[in-house]
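One file, start.cif, is given below (mmCIF, C-alpha atoms).
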data_coords
#
loop_
_atom_site.group_PDB
_atom_site.id
_atom_site.type_symbol
_atom_site.label_atom_id
_atom_site.label_comp_id
_atom_site.auth_asym_id
_atom_site.auth_seq_id
_atom_site.Cartn_x
_atom_site.Cartn_y
_atom_site.Cartn_z
ATOM 1 C CA MET A 41 76.545 -37.609 20.905
ATOM 2 C CA THR A 42 76.204 -41.405 20.988
ATOM 3 C CA PRO A 43 77.782 -42.878 24.137
ATOM 4 C CA ILE A 44 80.714 -45.252 23.685
ATOM 5 C CA LYS A 45 79.661 -48.790 24.596
ATOM 6 C CA LYS A 46 82.752 -50.869 23.934
ATOM 7 C CA ILE A 47 86.409 -49.989 23.377
ATOM 8 C CA GLY A 48 88.927 -52.161 21.597
ATOM 9 C CA ILE A 49 92.582 -51.675 22.568
ATOM 10 C CA PHE A 50 95.583 -52.874 20.586
ATOM 11 C CA THR A 51 99.335 -52.343 20.257
ATOM 12 C CA SER A 52 100.993 -52.125 16.863
ATOM 13 C CA GLY A 53 104.445 -51.713 15.358
ATOM 14 C CA SER A 54 107.519 -51.921 17.563
ATOM 15 C CA ASP A 55 107.010 -52.508 21.274
ATOM 16 C CA SER A 56 108.144 -49.986 23.854
ATOM 17 C CA PRO A 57 108.481 -50.158 27.654
ATOM 18 C CA GLY A 58 105.349 -48.769 29.265
ATOM 19 C CA MET A 59 102.844 -50.239 26.821
ATOM 20 C CA ASN A 60 101.582 -52.611 29.505
ATOM 21 C CA ALA A 61 101.143 -49.735 31.934
ATOM 22 C CA ALA A 62 99.068 -47.909 29.303
ATOM 23 C CA ILE A 63 96.965 -51.015 28.619
ATOM 24 C CA ARG A 64 96.325 -51.327 32.352
ATOM 25 C CA ALA A 65 95.226 -47.693 32.575
ATOM 26 C CA VAL A 66 92.874 -47.993 29.600
ATOM 27 C CA VAL A 67 91.262 -51.204 30.854
ATOM 28 C CA ARG A 68 90.679 -50.017 34.401
ATOM 29 C CA THR A 69 89.498 -46.550 33.356
ATOM 30 C CA SER A 70 86.999 -48.131 30.961
ATOM 31 C CA ILE A 71 85.679 -50.344 33.752
ATOM 32 C CA PHE A 72 85.479 -47.331 36.078
ATOM 33 C CA TYR A 73 83.183 -45.622 33.565
ATOM 34 C CA ASN A 74 81.157 -48.819 32.920
ATOM 35 C CA ILE A 75 82.423 -49.131 29.352
ATOM 36 C CA GLU A 76 83.162 -52.608 28.018
ATOM 37 C CA ILE A 77 86.762 -53.214 27.003
ATOM 38 C CA ALA A 78 88.205 -55.790 24.598
ATOM 39 C CA GLY A 79 91.812 -56.637 23.841
ATOM 40 C CA ILE A 80 92.902 -57.099 20.231
ATOM 41 C CA ARG A 81 95.962 -59.320 19.955
ATOM 42 C CA ARG A 82 98.789 -58.785 17.442
ATOM 43 C CA GLY A 83 97.780 -55.357 16.203
ATOM 44 C CA PHE A 84 96.044 -54.790 12.878
ATOM 45 C CA GLU A 85 96.529 -58.424 11.856
ATOM 46 C CA GLY A 86 94.645 -59.589 14.942
ATOM 47 C CA MET A 87 91.902 -57.086 14.178
ATOM 48 C CA ILE A 88 91.510 -58.553 10.688
ATOM 49 C CA ASN A 89 91.509 -62.118 12.009
ATOM 50 C CA GLY A 90 89.142 -61.427 14.900
ATOM 51 C CA ASP A 91 91.713 -62.260 17.584
ATOM 52 C CA ILE A 92 89.684 -60.316 20.146
ATOM 53 C CA TYR A 93 88.825 -61.120 23.758
ATOM 54 C CA GLU A 94 86.979 -59.531 26.647
ATOM 55 C CA MET A 95 89.138 -57.876 29.306
ATOM 56 C CA ASN A 96 88.478 -57.134 32.960
ATOM 57 C CA THR A 97 90.402 -55.638 35.844
ATOM 58 C CA LYS A 98 92.149 -58.954 36.524
ATOM 59 C CA SER A 99 93.362 -59.085 32.896
ATOM 60 C CA VAL A 100 95.841 -56.333 33.695
ATOM 61 C CA SER A 101 96.911 -57.345 37.201
ATOM 62 C CA ASN A 102 100.654 -57.252 37.885
ATOM 63 C CA ILE A 103 101.697 -55.888 34.483
ATOM 64 C CA ILE A 104 102.526 -52.232 35.196
ATOM 65 C CA GLN A 105 106.187 -53.148 35.788
ATOM 66 C CA ARG A 106 106.564 -55.408 32.745
ATOM 67 C CA GLY A 107 108.166 -54.415 29.455
ATOM 68 C CA GLY A 108 106.824 -55.471 26.084
ATOM 69 C CA THR A 109 103.089 -55.802 25.531
ATOM 70 C CA LEU A 110 100.743 -58.499 26.765
ATOM 71 C CA LEU A 111 98.561 -57.913 23.679
ATOM 72 C CA LYS A 112 101.473 -58.806 21.391
ATOM 73 C CA THR A 113 102.320 -56.600 18.445
ATOM 74 C CA GLY A 114 103.362 -56.668 14.827
ATOM 75 C CA ARG A 115 102.814 -55.101 11.437
ATOM 76 C CA SER A 116 100.250 -55.917 8.771
ATOM 77 C CA GLU A 117 100.694 -55.441 5.049
ATOM 78 C CA TYR A 118 97.123 -56.628 4.519
ATOM 79 C CA PHE A 119 95.733 -53.751 6.614
ATOM 80 C CA LYS A 120 97.286 -51.362 4.094
ATOM 81 C CA THR A 121 94.736 -52.577 1.552
ATOM 82 C CA ALA A 122 91.081 -51.534 1.409
ATOM 83 C CA GLU A 123 90.047 -55.183 1.604
ATOM 84 C CA GLY A 124 92.086 -55.724 4.766
ATOM 85 C CA ARG A 125 90.631 -52.662 6.454
ATOM 86 C CA GLN A 126 87.112 -53.747 5.526
ATOM 87 C CA LYS A 127 87.667 -57.145 7.144
ATOM 88 C CA ALA A 128 89.005 -55.422 10.262
ATOM 89 C CA TYR A 129 85.893 -53.232 10.373
ATOM 90 C CA GLU A 130 83.632 -56.247 10.031
ATOM 91 C CA GLN A 131 85.372 -57.979 12.944
ATOM 92 C CA LEU A 132 84.973 -54.893 15.116
ATOM 93 C CA LYS A 133 81.253 -54.757 14.355
ATOM 94 C CA ILE A 134 80.844 -58.499 15.051
ATOM 95 C CA ASN A 135 82.416 -57.924 18.468
ATOM 96 C CA GLY A 136 80.326 -54.835 19.201
ATOM 97 C CA ILE A 137 83.321 -52.484 19.274
ATOM 98 C CA ASP A 138 82.502 -48.858 18.481
ATOM 99 C CA ALA A 139 85.773 -47.224 19.569
ATOM 100 C CA LEU A 140 89.482 -47.975 19.365
ATOM 101 C CA ILE A 141 92.530 -46.975 21.376
ATOM 102 C CA ALA A 142 95.702 -47.562 19.388
ATOM 103 C CA LEU A 143 99.100 -47.782 21.074
ATOM 104 C CA GLY A 144 102.085 -47.309 18.801
ATOM 105 C CA GLY A 145 104.214 -44.955 16.752
ATOM 106 C CA ASN A 146 104.122 -43.317 13.350
ATOM 107 C CA GLY A 147 102.975 -46.373 11.371
ATOM 108 C CA THR A 148 100.214 -47.152 13.844
ATOM 109 C CA LEU A 149 98.806 -43.627 13.795
ATOM 110 C CA LYS A 150 98.991 -43.502 10.008
ATOM 111 C CA GLY A 151 97.053 -46.773 9.828
ATOM 112 C CA VAL A 152 94.260 -45.721 12.189
ATOM 113 C CA ARG A 153 94.017 -42.331 10.518
ATOM 114 C CA GLU A 154 93.204 -43.953 7.181
ATOM 115 C CA PHE A 155 90.882 -46.461 8.842
ATOM 116 C CA GLY A 156 89.047 -43.708 10.712
ATOM 117 C CA ASP A 157 88.569 -41.687 7.528
ATOM 118 C CA GLU A 158 86.900 -44.698 5.885
ATOM 119 C CA TYR A 159 84.811 -45.885 8.839
ATOM 120 C CA GLN A 160 83.758 -42.819 10.732
ATOM 121 C CA ASP A 161 81.373 -44.650 13.043
ATOM 122 C CA ILE A 162 84.437 -46.089 14.817
ATOM 123 C CA LYS A 163 85.877 -43.471 17.180
ATOM 124 C CA ILE A 164 89.661 -43.629 17.542
ATOM 125 C CA ILE A 165 92.238 -42.182 19.931
ATOM 126 C CA GLY A 166 95.965 -42.849 19.647
ATOM 127 C CA ILE A 167 98.525 -43.129 22.449
ATOM 128 C CA PRO A 168 102.150 -42.416 21.449
ATOM 129 C CA CYS A 169 104.273 -45.464 22.271
ATOM 130 C CA THR A 170 107.732 -45.478 20.708
ATOM 131 C CA ILE A 171 111.257 -45.274 22.070
ATOM 132 C CA ASP A 172 112.148 -42.912 19.191
ATOM 133 C CA ASN A 173 110.265 -39.904 20.655
ATOM 134 C CA ASP A 174 109.566 -38.719 17.112
ATOM 135 C CA LEU A 175 105.878 -37.754 17.203
ATOM 136 C CA ARG A 176 104.611 -34.200 17.328
ATOM 137 C CA GLY A 177 101.936 -33.707 19.954
ATOM 138 C CA SER A 178 103.757 -34.986 23.031
ATOM 139 C CA ASP A 179 106.974 -33.814 24.636
ATOM 140 C CA PHE A 180 107.779 -37.449 25.393
ATOM 141 C CA THR A 181 106.476 -40.724 24.008
ATOM 142 C CA ILE A 182 105.941 -43.818 26.149
ATOM 143 C CA GLY A 183 109.128 -45.881 26.214
ATOM 144 C CA TYR A 184 111.579 -43.083 25.474
ATOM 145 C CA ASP A 185 112.608 -42.471 29.073
ATOM 146 C CA THR A 186 113.244 -46.160 29.683
ATOM 147 C CA ALA A 187 115.235 -46.449 26.452
ATOM 148 C CA ILE A 188 117.537 -43.534 27.218
ATOM 149 C CA ASN A 189 118.148 -44.846 30.731
ATOM 150 C CA THR A 190 119.022 -48.241 29.236
ATOM 151 C CA VAL A 191 121.483 -46.516 26.887
ATOM 152 C CA ILE A 192 123.023 -44.530 29.733
ATOM 153 C CA GLU A 193 123.557 -47.680 31.790
ATOM 154 C CA ALA A 194 125.106 -49.534 28.830
ATOM 155 C CA VAL A 195 127.421 -46.694 27.769
ATOM 156 C CA ASP A 196 128.575 -46.104 31.351
ATOM 157 C CA LYS A 197 129.777 -49.706 31.302
ATOM 158 C CA ILE A 198 131.399 -49.222 27.899
ATOM 159 C CA ARG A 199 133.165 -46.130 29.242
ATOM 160 C CA GLU A 200 134.688 -48.187 32.036
ATOM 161 C CA THR A 201 136.271 -50.680 29.663
ATOM 162 C CA ALA A 202 137.266 -47.848 27.339
ATOM 163 C CA GLU A 203 139.094 -46.184 30.236
ATOM 164 C CA SER A 204 140.877 -49.417 31.067
ATOM 165 C CA HIS A 205 142.179 -49.899 27.523
ATOM 166 C CA ASP A 206 142.534 -46.271 26.342
ATOM 167 C CA ARG A 207 139.968 -46.884 23.614
ATOM 168 C CA LEU A 208 137.643 -44.845 21.429
ATOM 169 C CA PHE A 209 134.157 -46.328 21.163
ATOM 170 C CA ILE A 210 131.615 -45.608 18.453
ATOM 171 C CA VAL A 211 128.222 -46.399 20.000
ATOM 172 C CA GLU A 212 125.196 -46.765 17.741
ATOM 173 C CA VAL A 213 121.733 -46.288 19.249
ATOM 174 C CA MET A 214 118.239 -46.715 17.831
ATOM 175 C CA GLY A 215 115.853 -44.040 16.658
ATOM 176 C CA ARG A 216 115.409 -44.793 12.969
ATOM 177 C CA ASP A 217 115.419 -41.304 11.377
ATOM 178 C CA SER A 218 115.277 -39.532 14.747
ATOM 179 C CA GLY A 219 118.327 -38.539 16.764
ATOM 180 C CA MET A 220 116.489 -37.865 20.026
ATOM 181 C CA ILE A 221 117.967 -40.904 21.800
ATOM 182 C CA ALA A 222 121.513 -40.197 20.614
ATOM 183 C CA LEU A 223 121.449 -36.486 21.421
ATOM 184 C CA ARG A 224 120.065 -36.740 24.939
ATOM 185 C CA THR A 225 122.155 -39.766 25.947
ATOM 186 C CA GLY A 226 125.231 -38.253 24.336
ATOM 187 C CA MET A 227 124.976 -35.383 26.774
ATOM 188 C CA GLY A 228 124.200 -37.775 29.622
ATOM 189 C CA VAL A 229 127.289 -39.933 29.093
ATOM 190 C CA GLY A 230 129.673 -37.067 28.337
ATOM 191 C CA ALA A 231 130.263 -38.072 24.707
ATOM 192 C CA GLU A 232 132.956 -36.359 22.668
ATOM 193 C CA ALA A 233 130.601 -36.089 19.690
ATOM 194 C CA VAL A 234 127.028 -36.949 18.703
ATOM 195 C CA LEU A 235 125.919 -37.635 15.111
ATOM 196 C CA VAL A 236 122.174 -37.404 14.392
ATOM 197 C CA PRO A 237 120.126 -37.584 11.157
ATOM 198 C CA GLU A 238 118.338 -34.257 11.704
ATOM 199 C CA THR A 239 121.529 -32.339 10.965
ATOM 200 C CA ARG A 240 124.078 -32.913 8.221
ATOM 201 C CA SER A 241 127.009 -34.698 9.805
ATOM 202 C CA ASP A 242 130.432 -33.655 8.559
ATOM 203 C CA ILE A 243 132.905 -36.497 8.971
ATOM 204 C CA ASN A 244 135.782 -34.039 8.538
ATOM 205 C CA ALA A 245 134.382 -31.936 11.392
ATOM 206 C CA LEU A 246 134.378 -35.077 13.537
ATOM 207 C CA PHE A 247 137.984 -35.751 12.563
ATOM 208 C CA GLU A 248 138.907 -32.172 13.525
ATOM 209 C CA ARG A 249 137.237 -32.496 16.929
ATOM 210 C CA LEU A 250 139.055 -35.742 17.642
ATOM 211 C CA GLU A 251 142.336 -34.246 16.465
ATOM 212 C CA LYS A 252 142.001 -31.096 18.551
ATOM 213 C CA GLY A 253 140.621 -32.867 21.590
ATOM 214 C CA ARG A 254 142.558 -33.385 24.775
ATOM 215 C CA LYS A 255 145.458 -35.755 24.285
ATOM 216 C CA ASP A 256 145.385 -36.901 27.912
ATOM 217 C CA LYS A 257 141.882 -38.351 27.710
ATOM 218 C CA THR A 258 142.085 -42.093 28.200
ATOM 219 C CA SER A 259 138.686 -42.821 26.634
ATOM 220 C CA LYS A 260 136.440 -41.293 23.995
ATOM 221 C CA ILE A 261 132.796 -41.928 23.161
ATOM 222 C CA VAL A 262 131.118 -40.976 19.870
ATOM 223 C CA MET A 263 127.324 -41.492 19.844
ATOM 224 C CA VAL A 264 125.709 -42.250 16.487
ATOM 225 C CA ALA A 265 121.992 -42.460 15.681
ATOM 226 C CA GLU A 266 121.274 -45.435 13.424
ATOM 227 C CA GLY A 267 119.776 -43.231 10.687
ATOM 228 C CA ASP A 268 122.676 -40.782 10.374
ATOM 229 C CA GLU A 269 123.722 -40.176 6.776
ATOM 230 C CA PRO A 270 127.468 -41.026 6.901
ATOM 231 C CA GLY A 271 126.396 -44.670 7.343
ATOM 232 C CA SER A 272 126.410 -47.146 10.134
ATOM 233 C CA ALA A 273 128.615 -46.960 13.181
ATOM 234 C CA PHE A 274 130.890 -49.504 11.503
ATOM 235 C CA GLU A 275 131.427 -47.202 8.512
ATOM 236 C CA ILE A 276 132.218 -44.309 10.814
ATOM 237 C CA GLY A 277 134.516 -46.523 12.855
ATOM 238 C CA LYS A 278 136.332 -47.610 9.694
ATOM 239 C CA ALA A 279 136.827 -43.982 8.633
ATOM 240 C CA ILE A 280 138.218 -43.087 12.066
ATOM 241 C CA MET A 281 140.593 -46.066 12.070
ATOM 242 C CA GLU A 282 141.935 -45.031 8.668
ATOM 243 C CA LYS A 283 142.385 -41.402 9.723
ATOM 244 C CA PHE A 284 143.676 -42.127 13.235
ATOM 245 C CA PRO A 285 145.385 -45.533 13.183
ATOM 246 C CA HIS A 286 146.910 -44.788 16.589
ATOM 247 C CA TYR A 287 143.445 -44.876 18.210
ATOM 248 C CA ASP A 288 142.309 -48.232 19.547
ATOM 249 C CA THR A 289 138.835 -47.917 18.043
ATOM 250 C CA ARG A 290 135.892 -50.186 18.756
ATOM 251 C CA VAL A 291 132.250 -50.192 17.622
ATOM 252 C CA SER A 292 129.278 -51.166 19.787
ATOM 253 C CA VAL A 293 125.723 -51.391 18.430
ATOM 254 C CA LEU A 294 123.294 -51.483 21.345
ATOM 255 C CA GLY A 295 120.374 -52.787 19.274
ATOM 256 C CA HIS A 296 117.157 -54.168 20.688
ATOM 257 C CA ILE A 297 118.300 -54.056 24.296
ATOM 258 C CA GLN A 298 116.915 -50.501 24.134
ATOM 259 C CA ARG A 299 113.380 -51.787 23.595
ATOM 260 C CA GLY A 300 113.307 -54.145 26.556
ATOM 261 C CA GLY A 301 113.371 -53.922 30.301
ATOM 262 C CA LYS A 302 111.071 -52.703 33.026
ATOM 263 C CA PRO A 303 109.653 -49.230 32.325
ATOM 264 C CA THR A 304 110.955 -46.397 34.447
ATOM 265 C CA CYS A 305 108.733 -44.538 36.882
ATOM 266 C CA MET A 306 108.467 -41.684 34.368
ATOM 267 C CA ASP A 307 107.179 -44.017 31.653
ATOM 268 C CA ARG A 308 104.727 -45.732 34.023
ATOM 269 C CA VAL A 309 103.289 -42.382 35.120
ATOM 270 C CA LEU A 310 103.132 -41.064 31.542
ATOM 271 C CA ALA A 311 101.424 -44.278 30.384
ATOM 272 C CA SER A 312 98.907 -44.088 33.211
ATOM 273 C CA ARG A 313 98.034 -40.458 32.522
ATOM 274 C CA LEU A 314 97.670 -40.941 28.776
ATOM 275 C CA GLY A 315 95.674 -44.169 29.206
ATOM 276 C CA VAL A 316 93.135 -42.454 31.451
ATOM 277 C CA ALA A 317 92.986 -39.416 29.142
ATOM 278 C CA ALA A 318 92.394 -41.610 26.061
ATOM 279 C CA VAL A 319 89.317 -43.271 27.560
ATOM 280 C CA GLU A 320 87.929 -39.973 28.858
ATOM 281 C CA ALA A 321 88.533 -38.414 25.429
ATOM 282 C CA LEU A 322 86.421 -41.065 23.719
ATOM 283 C CA LYS A 323 83.785 -40.643 26.388
ATOM 284 C CA ASP A 324 83.736 -36.888 25.667
ATOM 285 C CA GLY A 325 83.413 -37.324 21.902
ATOM 286 C CA HIS A 326 87.006 -36.968 20.704
ATOM 287 C CA THR A 327 88.145 -38.994 17.705
ATOM 288 C CA GLY A 328 90.968 -38.959 15.152
ATOM 289 C CA GLU A 329 93.415 -37.549 17.663
ATOM 290 C CA MET A 330 96.543 -38.555 19.531
ATOM 291 C CA VAL A 331 96.672 -37.793 23.234
ATOM 292 C CA GLY A 332 99.962 -36.430 24.510
ATOM 293 C CA LEU A 333 101.648 -34.471 27.257
ATOM 294 C CA ILE A 334 102.876 -30.965 26.441
ATOM 295 C CA HIS A 335 104.411 -28.870 29.226
ATOM 296 C CA ASN A 336 102.934 -31.407 31.642
ATOM 297 C CA ASP A 337 99.373 -30.818 30.383
ATOM 298 C CA ILE A 338 97.195 -33.312 28.499
ATOM 299 C CA GLU A 339 96.785 -32.159 24.901
ATOM 300 C CA PHE A 340 95.184 -33.612 21.766
ATOM 301 C CA THR A 341 96.711 -33.501 18.297
ATOM 302 C CA PRO A 342 94.912 -34.580 15.084
ATOM 303 C CA PHE A 343 96.486 -37.667 13.518
ATOM 304 C CA GLY A 344 97.453 -35.674 10.436
ATOM 305 C CA GLN A 345 99.628 -33.379 12.526
ATOM 306 C CA SER A 346 101.124 -35.996 14.825
ATOM 307 C CA VAL A 347 102.511 -38.324 12.141
ATOM 308 C CA LYS A 348 105.370 -37.686 9.719
ATOM 309 C CA HIS A 349 106.826 -34.981 11.916
ATOM 310 C CA HIS A 350 109.890 -34.934 14.105
ATOM 311 C CA HIS A 351 111.044 -32.799 16.956
ATOM 312 C CA GLU A 352 113.542 -30.214 15.818
ATOM 313 C CA VAL A 353 117.010 -30.837 17.168
ATOM 314 C CA ASN A 354 117.611 -28.727 20.237
ATOM 315 C CA GLU A 355 120.661 -26.718 19.215
ATOM 316 C CA GLU A 356 121.292 -25.949 22.874
ATOM 317 C CA PHE A 357 121.873 -29.682 23.445
ATOM 318 C CA THR A 358 124.400 -29.780 20.604
ATOM 319 C CA ARG A 359 126.165 -26.696 21.936
ATOM 320 C CA ILE A 360 126.376 -28.156 25.437
ATOM 321 C CA VAL A 361 127.749 -31.499 24.185
ATOM 322 C CA GLU A 362 130.507 -29.691 22.284
ATOM 323 C CA MET A 363 131.309 -27.358 25.174
ATOM 324 C CA LEU A 364 131.513 -30.079 27.801
ATOM 325 C CA SER A 365 133.551 -32.501 25.692
ATOM 326 C CA LEU A 366 136.693 -30.383 26.108
#
Rewrite the coordinates I just gave you, this time as structure tokens.
Amino acid sequence: MTPIKKIGIFTSGSDSPGMNAAIRAVVRTSIFYNIEIAGIRRGFEGMINGDIYEMNTKSVSNIIQRGGTLLKTGRSEYFKTAEGRQKAYEQLKINGIDALIALGGNGTLKGVREFGDEYQDIKIIGIPCTIDNDLRGSDFTIGYDTAINTVIEAVDKIRETAESHDRLFIVEVMGRDSGMIALRTGMGVGAEAVLVPETRSDINALFERLEKGRKDKTSKIVMVAEGDEPGSAFEIGKAIMEKFPHYDTRVSVLGHIQRGGKPTCMDRVLASRLGVAAVEALKDGHTGEMVGLIHNDIEFTPFGQSVKHHHEVNEEFTRIVEMLSL
């Protein structure tokens, strides 16, 4: 087994709180093991353009508490081409990089999987960073805990104004085609209903729940994942207003506020553990795998199994939301 001499680290796709904590862990673990470490700015595009610089322990000072990513991020259409990937490979070789640690979600892991298949002399480990929590191979992804706490804080404030005005609020949260944020926060805020893309949402069933619900409730919250099939929160709000004109209905789309903010302690600890494990995995010969945490243990999942999969909806969560919304 050829020892790893130099690791390149980059963040790609959407940012998530805790990325900086993971970068810090990777950089300092590499230095601990006397492995050179280089930062690649702006994801795959920066790799293609050679936007690469040497990192040291000072490079990651005072960043564990910061949201976003100091390496910047983005997407690259050019990397999806064979020519783009070849240019990225050439830049890595020019800079003496023989291993990569990729921080990101589904698109990032799909990209490095294809790259690793073509250029097998570059060892690659992925770290799951996405607020959507939609990757198989880790119970939680970096950024998810911060995002759901941001949602909880925002919806608690919405509930207060809803109580004051006797209003029904439709709250749309992120997650793309994953309802993990909506389902967990829906339980956390005491929502009357939660609509997620993993299950077929019946608008008539929602109407029935609102109709049969307690008449003395002065506020109602319906959580909607952005990818749910009835449409956006505004479409659902319109349908409710037509069916129940007596409700004072409002729609609130939380948007990118869910991606920002200081990472929670849980995300900082998760990022630190996975960052250390990623470097040690490369050192031990692993490649083509995503490192994750399953039942509080470090586990490795091949890229092919970690991408394009979603957690199954926990039916117990759905049952509890319905039971407690009485």
Q. At what distance in Å, to one decimal, does atom CA of Gly147 of chain A lie from atom CA of Asn96 of chain A?
A. 28.1 Å
Q) Using the chain letters and numbers from the file, which residues does the PyMOL selection byres ((chain A and resi 293) around 12) grab, as a PyMOL selection string? A) chain A and resi 191+194-195+198+209-214+262-266+272-274+277+290-292+294-298
(Q) Using the chain letters and numbers from this file, what does the PyMOL selection byres ((chain A and resi 129) around 12) select? Give the answer as number ranges by chain. (A) A: 48, 84-90, 119, 122-128, 130-140, 152, 155-156, 158-163
Q. If you measure from atom CA of Ile49 of chain A to atom CA of Asn336 of chain A, what distance in Å do you get, rounded to one decimal?
A.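 Atom-to-atom, atom CA of Ile49 of chain A to atom CA of Asn336 of chain A, that is 24.5 Å.
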Do you know which residues the PyMOL selection byres ((chain A and resi 215-217) around 9) returns on this file, as a PDB file with C-alpha atoms, keeping the file's coordinate frame?
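Once everything was written out, this is result.pdb:
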ATOM      1  CA  ILE A 171     111.257 -45.274  22.070  1.00  0.00           C
ATOM      2  CA  ASP A 172     112.148 -42.912  19.191  1.00  0.00           C
ATOM      3  CA  ASN A 173     110.265 -39.904  20.655  1.00  0.00           C
ATOM      4  CA  ASP A 174     109.566 -38.719  17.112  1.00  0.00           C
ATOM      5  CA  VAL A 213     121.733 -46.288  19.249  1.00  0.00           C
ATOM      6  CA  MET A 214     118.239 -46.715  17.831  1.00  0.00           C
ATOM      7  CA  SER A 218     115.277 -39.532  14.747  1.00  0.00           C
ATOM      8  CA  GLY A 219     118.327 -38.539  16.764  1.00  0.00           C
ATOM      9  CA  MET A 220     116.489 -37.865  20.026  1.00  0.00           C
ATOM     10  CA  ILE A 221     117.967 -40.904  21.800  1.00  0.00           C
ATOM     11  CA  ALA A 222     121.513 -40.197  20.614  1.00  0.00           C
ATOM     12  CA  VAL A 236     122.174 -37.404  14.392  1.00  0.00           C
ATOM     13  CA  PRO A 237     120.126 -37.584  11.157  1.00  0.00           C
ATOM     14  CA  GLU A 238     118.338 -34.257  11.704  1.00  0.00           C
ATOM     15  CA  ALA A 265     121.992 -42.460  15.681  1.00  0.00           C
ATOM     16  CA  GLU A 266     121.274 -45.435  13.424  1.00  0.00           C
ATOM     17  CA  GLY A 267     119.776 -43.231  10.687  1.00  0.00           C
ATOM     18  CA  ASP A 268     122.676 -40.782  10.374  1.00  0.00           C
ATOM     19  CA  HIS A 350     109.890 -34.934  14.105  1.00  0.00           C
TER      20      HIS A 350
END
Q) With distances taken over only C-alpha atoms, which of A:Ile103, A:Ile80, A:Val234, A:Met59 is nearest to Glu362 of chain A? A)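 Counting only C-alpha atoms, the residue closest to Glu362 of chain A is A:Val234.
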Q: Work out how far apart atom CA of Gln105 of chain A and atom CA of Leu310 of chain A are and give it in Å to one decimal.
A: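 Atom-to-atom, atom CA of Gln105 of chain A to atom CA of Leu310 of chain A, that is 13.2 Å.
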(Q) Please return as a ChimeraX atom specification every residue within 12 Å of (107.3, -38.0, 16.2), taking into account all atoms listed in the file and the file's own coordinates. (A) /A:144-150,167-182,184,215-220,330,332,341,343-352
Q. Using all atoms listed in the file, which residues sit within 9 Å of Glu94 of chain A once same-chain residues fewer than 3 positions away are excluded, as JSON, numbers by chain?
A. {"A": [76, 77, 78, 79, 99]}
